[in-house]
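Report on the structure given below.
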Amino acid sequence: MTESRSALEPREDAGRATAEDGVVILDGPDGVAVTMTADAAEKTAASLHEAAKKAREHLARG
Amino acid sequence: MLTQNVLRNRTSELSAEERSLLEGAISRTQFFPAGAVVVRQGVPVNVSVLLVAGLMTRHVDARDGKRHLVAVHVPGDFVDLHAYALKKLDHDVAALTDVTVAILPHESLERIQQIDPDLTRRLWFLTLLDAATHRQWIYRLASLSAMQRVAHFLCETNARLLAIGASDGSSFALPMTQADIGEVCSLTNVHVSRVLRELRELGLCQFRSSHVVITDLRGLAAAALFEPGYLFLNPQTAARAAAQNGEANDRES
């Protein structure tokens with residue numbers, strides 16, 4: 001019997017953002033399914049970018 | 001017969017005697033128009049409601065005013081049998097379409113419990129079916145993508161309606177709006193709209209004018225990661241629900 005993947009592991013695959021009828025839809029990774037306004041999407045993108053930068057710094061510090 | 005769809009084509013079906021006893025426990029039938037709240041959260045109840053015709057929902061109203069559908073019921077479902085033990089519900093039960101329900105006083109259910117342990121066990125089975133379905137809905141929302149969620153809901157609804165003769169295995173009336181499906185799948189209307197378009201473009205199913213046509217049941221079930229085991233259908237119905245019997249609408253057959 002193979003061990004199931006833990007749902008709590010960080011995902012290595014990216015979500016997919018697309019525009020639809022004037023809003024932004026974010027699909028994935030995993031069960032993520034969110035619709036945002038363009039403004040909210042841009043703020044989320046900036047927040048993600050900043051968080052990713054800090055996460056890399058954590059890794060660099062070891 | 002008002003109870004004809006209760007446990008129909010499930011792994012635990014009612015005997016003729018049990019069905020007769022359950023039928024005799026019904027005190028009356030009642031009509032509710034679409035949108036009516038049939039059982040309200042927190043209100044003490046001394047009857048339980050069996051859905052005879054139409055579709056009903058259970059929904060939770062959050063404090064921020066958002067409504068969330070947590071169950072969709074089809075004819076034959078005992079929508080609040082759990083109220084027999086709980087005596088009040090932690091959610092509303094409402095009519096999604098015009099519905100006819102059969103009312104069973106709790107004192108009649110008490111009598112069944114006293115005189116017929118086998119029927120009592122089957123009624124328990126009904127509430128366990130509800131629990132199994134809820135577990136699957138949690139899984140669906142927690143782990144599936146938007147497309148998988150919608151596909152899974154459509155496969156599940158097809159299977160449940162197939163069991164009561166309201167789907168031919170690939171085509172059924174679904175008097176729900178895209179917003180309703182969105183509430184079931186925790187998706188916005190625009191997201192549901194896109195997913196339905198993608199399912200159509202993939203040749204899996206079409207949803208138009210409150211009617212679903214599944215053009216590739218095996219493909220839709222695969223896309224949804226749908227396995228009907230949790231619905232406890234009899235083997236023939238389960239095989240048809242999962243397109244494991246060479247259904248004519250399979251593109252591969």
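Letters A, B, ... go to the chains of the structure tokens in the order shown; residues in each chain start at 1; ligands are counted from 1 in the same order.
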
_Taking only chain A into account, list the residues labelled helix (DSSP H, G or I) by DSSP (computed from the backbone), as a PyMOL selection string._
chain A and resi 38-61

Using only C-alpha atoms, please write the residues we just selected to a file, as a compact mmCIF listing (two decimals), in the first residue's frame.
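Result file is again19.txt:
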```
# COMPACT_ATOMS: atom_id res chain seq x y z
CA ALA A 38 -8.40 43.23 -10.59
CA ASP A 39 -7.39 45.48 -7.67
CA ALA A 40 -7.54 42.60 -5.18
CA ALA A 41 -5.60 40.38 -7.57
CA GLU A 42 -2.84 42.96 -7.95
CA LYS A 43 -2.58 43.41 -4.17
CA THR A 44 -2.50 39.63 -3.72
CA ALA A 45 0.20 39.35 -6.39
CA ALA A 46 2.31 42.00 -4.64
CA SER A 47 1.78 40.31 -1.28
CA LEU A 48 2.74 36.92 -2.71
CA HIS A 49 5.82 38.40 -4.35
CA GLU A 50 6.95 39.99 -1.10
CA ALA A 51 6.26 36.82 0.90
CA ALA A 52 8.17 34.69 -1.62
CA LYS A 53 11.15 37.05 -1.30
CA LYS A 54 11.13 36.70 2.49
CA ALA A 55 10.74 32.92 2.28
CA ARG A 56 13.88 32.76 0.10
CA GLU A 57 15.72 34.86 2.68
CA HIS A 58 14.69 32.35 5.38
CA LEU A 59 16.14 29.54 3.29
CA ALA A 60 19.34 31.47 2.61
CA ARG A 61 19.84 32.01 6.34
```

Counting only C-alpha atoms, which residues in chain A sit no more than 12 Å from chain B? For each one, give the nearest pair of atoms and the distance in Å, sorted by chain then residue number, as a Markdown table.
```
| residue | atom | partner | partner_atom | distance |
| --- | --- | --- | --- | --- |
| A:Arg5 | CA | B:Ser143 | CA | 11.9 |
| A:Ser6 | CA | B:Ser143 | CA | 11.3 |
| A:Ala7 | CA | B:Ser143 | CA | 8.2 |
| A:Leu8 | CA | B:Ser143 | CA | 11.1 |
| A:Gly15 | CA | B:Ser145 | CA | 10.6 |
| A:Arg16 | CA | B:Ser145 | CA | 11.2 |
| A:Ala17 | CA | B:His191 | CA | 11.8 |
| A:Thr18 | CA | B:His191 | CA | 10.5 |
| A:Ala19 | CA | B:His191 | CA | 10.3 |
| A:Glu20 | CA | B:Val190 | CA | 7.3 |
| A:Asp21 | CA | B:Val190 | CA | 7.3 |
| A:Gly22 | CA | B:Val190 | CA | 9.6 |
| A:Val23 | CA | B:Val190 | CA | 8.4 |
| A:Val24 | CA | B:His191 | CA | 9.5 |
| A:Ile25 | CA | B:His191 | CA | 7.0 |
| A:Leu26 | CA | B:His191 | CA | 9.4 |
| A:Asp27 | CA | B:Ser145 | CA | 6.9 |
| A:Gly28 | CA | B:Ser145 | CA | 6.5 |
| A:Pro29 | CA | B:Ser145 | CA | 8.1 |
| A:Asp30 | CA | B:Ser143 | CA | 5.9 |
| A:Gly31 | CA | B:Ser143 | CA | 4.5 |
| A:Val32 | CA | B:Ser145 | CA | 6.6 |
| A:Ala33 | CA | B:Ala146 | CA | 5.8 |
| A:Val34 | CA | B:Leu187 | CA | 7.1 |
| A:Thr35 | CA | B:Thr188 | CA | 6.5 |
| A:Met36 | CA | B:Thr188 | CA | 9.6 |
| A:Thr37 | CA | B:Val190 | CA | 11.8 |
```

Write the residues you've just listed into a file as a short mmCIF file (atom, residue, chain, number, x, y, z; two decimals), in the first residue's frame, and include N, CA, C and O atoms for each of them.
```cif
data_model
loop_
_atom_site.label_atom_id
_atom_site.label_comp_id
_atom_site.auth_asym_id
_atom_site.auth_seq_id
_atom_site.Cartn_x
_atom_site.Cartn_y
_atom_site.Cartn_z
N ARG A 5 -0.13 11.26 -0.28
CA ARG A 5 0.52 12.55 -0.11
C ARG A 5 -0.20 13.34 0.97
O ARG A 5 -1.41 13.37 1.03
N SER A 6 0.57 13.98 1.84
CA SER A 6 -0.06 14.79 2.86
C SER A 6 -0.58 16.08 2.26
O SER A 6 0.11 16.77 1.53
N ALA A 7 -1.81 16.44 2.62
CA ALA A 7 -2.39 17.68 2.11
C ALA A 7 -1.74 18.88 2.76
O ALA A 7 -1.94 20.01 2.33
N LEU A 8 -0.95 18.65 3.81
CA LEU A 8 -0.36 19.76 4.54
C LEU A 8 1.03 20.14 4.05
O LEU A 8 1.64 21.07 4.55
N GLY A 15 -0.35 28.15 -8.78
CA GLY A 15 -1.74 28.38 -9.17
C GLY A 15 -1.79 29.02 -10.55
O GLY A 15 -0.78 29.52 -11.04
N ARG A 16 -2.98 29.00 -11.15
CA ARG A 16 -3.12 29.58 -12.50
C ARG A 16 -4.14 30.71 -12.44
O ARG A 16 -5.29 30.49 -12.05
N ALA A 17 -3.68 31.91 -12.76
CA ALA A 17 -4.58 33.06 -12.74
C ALA A 17 -5.01 33.40 -14.16
O ALA A 17 -4.19 33.42 -15.07
N THR A 18 -6.31 33.64 -14.32
CA THR A 18 -6.83 34.01 -15.65
C THR A 18 -7.87 35.12 -15.47
O THR A 18 -8.47 35.25 -14.39
N ALA A 19 -8.07 35.87 -16.53
CA ALA A 19 -9.09 36.93 -16.50
C ALA A 19 -10.36 36.40 -17.16
O ALA A 19 -10.30 35.69 -18.17
N GLU A 20 -11.49 36.75 -16.56
CA GLU A 20 -12.78 36.28 -17.09
C GLU A 20 -13.84 37.32 -16.74
O GLU A 20 -14.07 37.61 -15.56
N ASP A 21 -14.44 37.89 -17.72
CA ASP A 21 -15.54 38.85 -17.51
C ASP A 21 -15.17 39.96 -16.52
O ASP A 21 -15.96 40.31 -15.64
N GLY A 22 -13.96 40.48 -16.63
CA GLY A 22 -13.58 41.63 -15.82
C GLY A 22 -13.12 41.31 -14.41
O GLY A 22 -12.93 42.21 -13.59
N VAL A 23 -12.94 40.04 -14.11
CA VAL A 23 -12.41 39.64 -12.80
C VAL A 23 -11.26 38.66 -13.02
O VAL A 23 -11.02 38.19 -14.13
N VAL A 24 -10.55 38.38 -11.93
CA VAL A 24 -9.43 37.44 -12.01
C VAL A 24 -9.81 36.16 -11.27
O VAL A 24 -10.28 36.21 -10.13
N ILE A 25 -9.61 35.04 -11.94
CA ILE A 25 -9.90 33.74 -11.32
C ILE A 25 -8.57 33.05 -11.04
O ILE A 25 -7.73 32.93 -11.93
N LEU A 26 -8.40 32.63 -9.80
CA LEU A 26 -7.20 31.89 -9.42
C LEU A 26 -7.59 30.44 -9.17
O LEU A 26 -8.41 30.14 -8.30
N ASP A 27 -7.03 29.56 -9.96
CA ASP A 27 -7.29 28.12 -9.83
C ASP A 27 -6.03 27.44 -9.34
O ASP A 27 -4.99 27.50 -9.99
N GLY A 28 -6.15 26.78 -8.21
CA GLY A 28 -5.05 25.99 -7.69
C GLY A 28 -3.96 26.85 -7.09
O GLY A 28 -4.05 28.09 -7.12
N PRO A 29 -2.93 26.24 -6.51
CA PRO A 29 -2.80 24.78 -6.49
C PRO A 29 -3.78 24.12 -5.52
O PRO A 29 -4.34 24.80 -4.67
N ASP A 30 -3.93 22.81 -5.71
CA ASP A 30 -4.83 22.02 -4.87
C ASP A 30 -6.25 22.56 -4.94
O ASP A 30 -6.75 22.84 -6.01
N GLY A 31 -6.90 22.77 -3.80
CA GLY A 31 -8.31 23.16 -3.81
C GLY A 31 -8.57 24.65 -3.88
O GLY A 31 -9.69 25.09 -3.69
N VAL A 32 -7.55 25.44 -4.20
CA VAL A 32 -7.76 26.89 -4.26
C VAL A 32 -8.63 27.23 -5.47
O VAL A 32 -8.36 26.79 -6.59
N ALA A 33 -9.69 28.01 -5.25
CA ALA A 33 -10.56 28.44 -6.34
C ALA A 33 -11.18 29.76 -5.90
O ALA A 33 -12.18 29.77 -5.19
N VAL A 34 -10.56 30.84 -6.33
CA VAL A 34 -10.96 32.16 -5.85
C VAL A 34 -11.17 33.12 -7.02
O VAL A 34 -10.42 33.07 -8.00
N THR A 35 -12.18 33.95 -6.89
CA THR A 35 -12.39 35.02 -7.87
C THR A 35 -12.12 36.35 -7.18
O THR A 35 -12.64 36.59 -6.08
N MET A 36 -11.32 37.20 -7.82
CA MET A 36 -10.97 38.49 -7.22
C MET A 36 -11.18 39.61 -8.24
O MET A 36 -11.09 39.39 -9.45
N THR A 37 -11.39 40.81 -7.72
CA THR A 37 -11.37 41.97 -8.60
C THR A 37 -9.92 42.16 -9.05
O THR A 37 -8.98 41.62 -8.44
#
```

*Running DSSP on the backbone, which parts of chain A land in strand (DSSP E or B), as a ChimeraX atom specification?*
/A:16-20,23-27,33-36

*asked:* Set the distance at 7 Å and use only C-alpha atoms: which residues neighbour Arg8 (chain B) once local chain neighbours fewer than 2 positions away are removed? I'd like the list as a PyMOL selection string.
replied: chain B and resi 5-6+10+13+163-164

*Work out how far apart CA of Trp137 (chain B) and CA of Ala238 (chain B) are and give it in Å to one decimal.*
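About the pair CA of Trp137 (chain B) and CA of Ala238 (chain B): they are 18.5 Å apart.
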
*asked:* Using only C-alpha atoms for the distances, tell me which of B:Thr237, B:Ser27, B:Ser48, B:Gln4 is nearest to Arg160 (chain B).
replied: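 That would be B:Thr237, the residue with the smallest distance to Arg160 (chain B).
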
_List as a ChimeraX atom specification the protein and nucleic acid residues near region 85-100 of chain B, meaning an atom at most 9 Å away when only C-alpha atoms are counted, but skip any in the same chain fewer than 2 places from it._
/B:29-47,50-61,72,79-83,102,175-176

*CA of Ala25 (chain B) to CA of Thr11 (chain B): how many Å, to one decimal?*
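The value is 23.1 Å.
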
*Contacts of region 217-227 of chain B at 10 Å (only C-alpha atoms; same-chain gap of 3+ positions) as number ranges by chain*: B: 136, 140, 144-156, 158, 169-170, 199, 202-205, 213-214, 230-231, 238, 240-244, 246-252

_Just the number, please: distance in Å from CA of Ile103 (chain B) to CA of Glu17 (chain B), one decimal._
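Pair CA of Ile103 (chain B) / CA of Glu17 (chain B) returns 19.5 Å.
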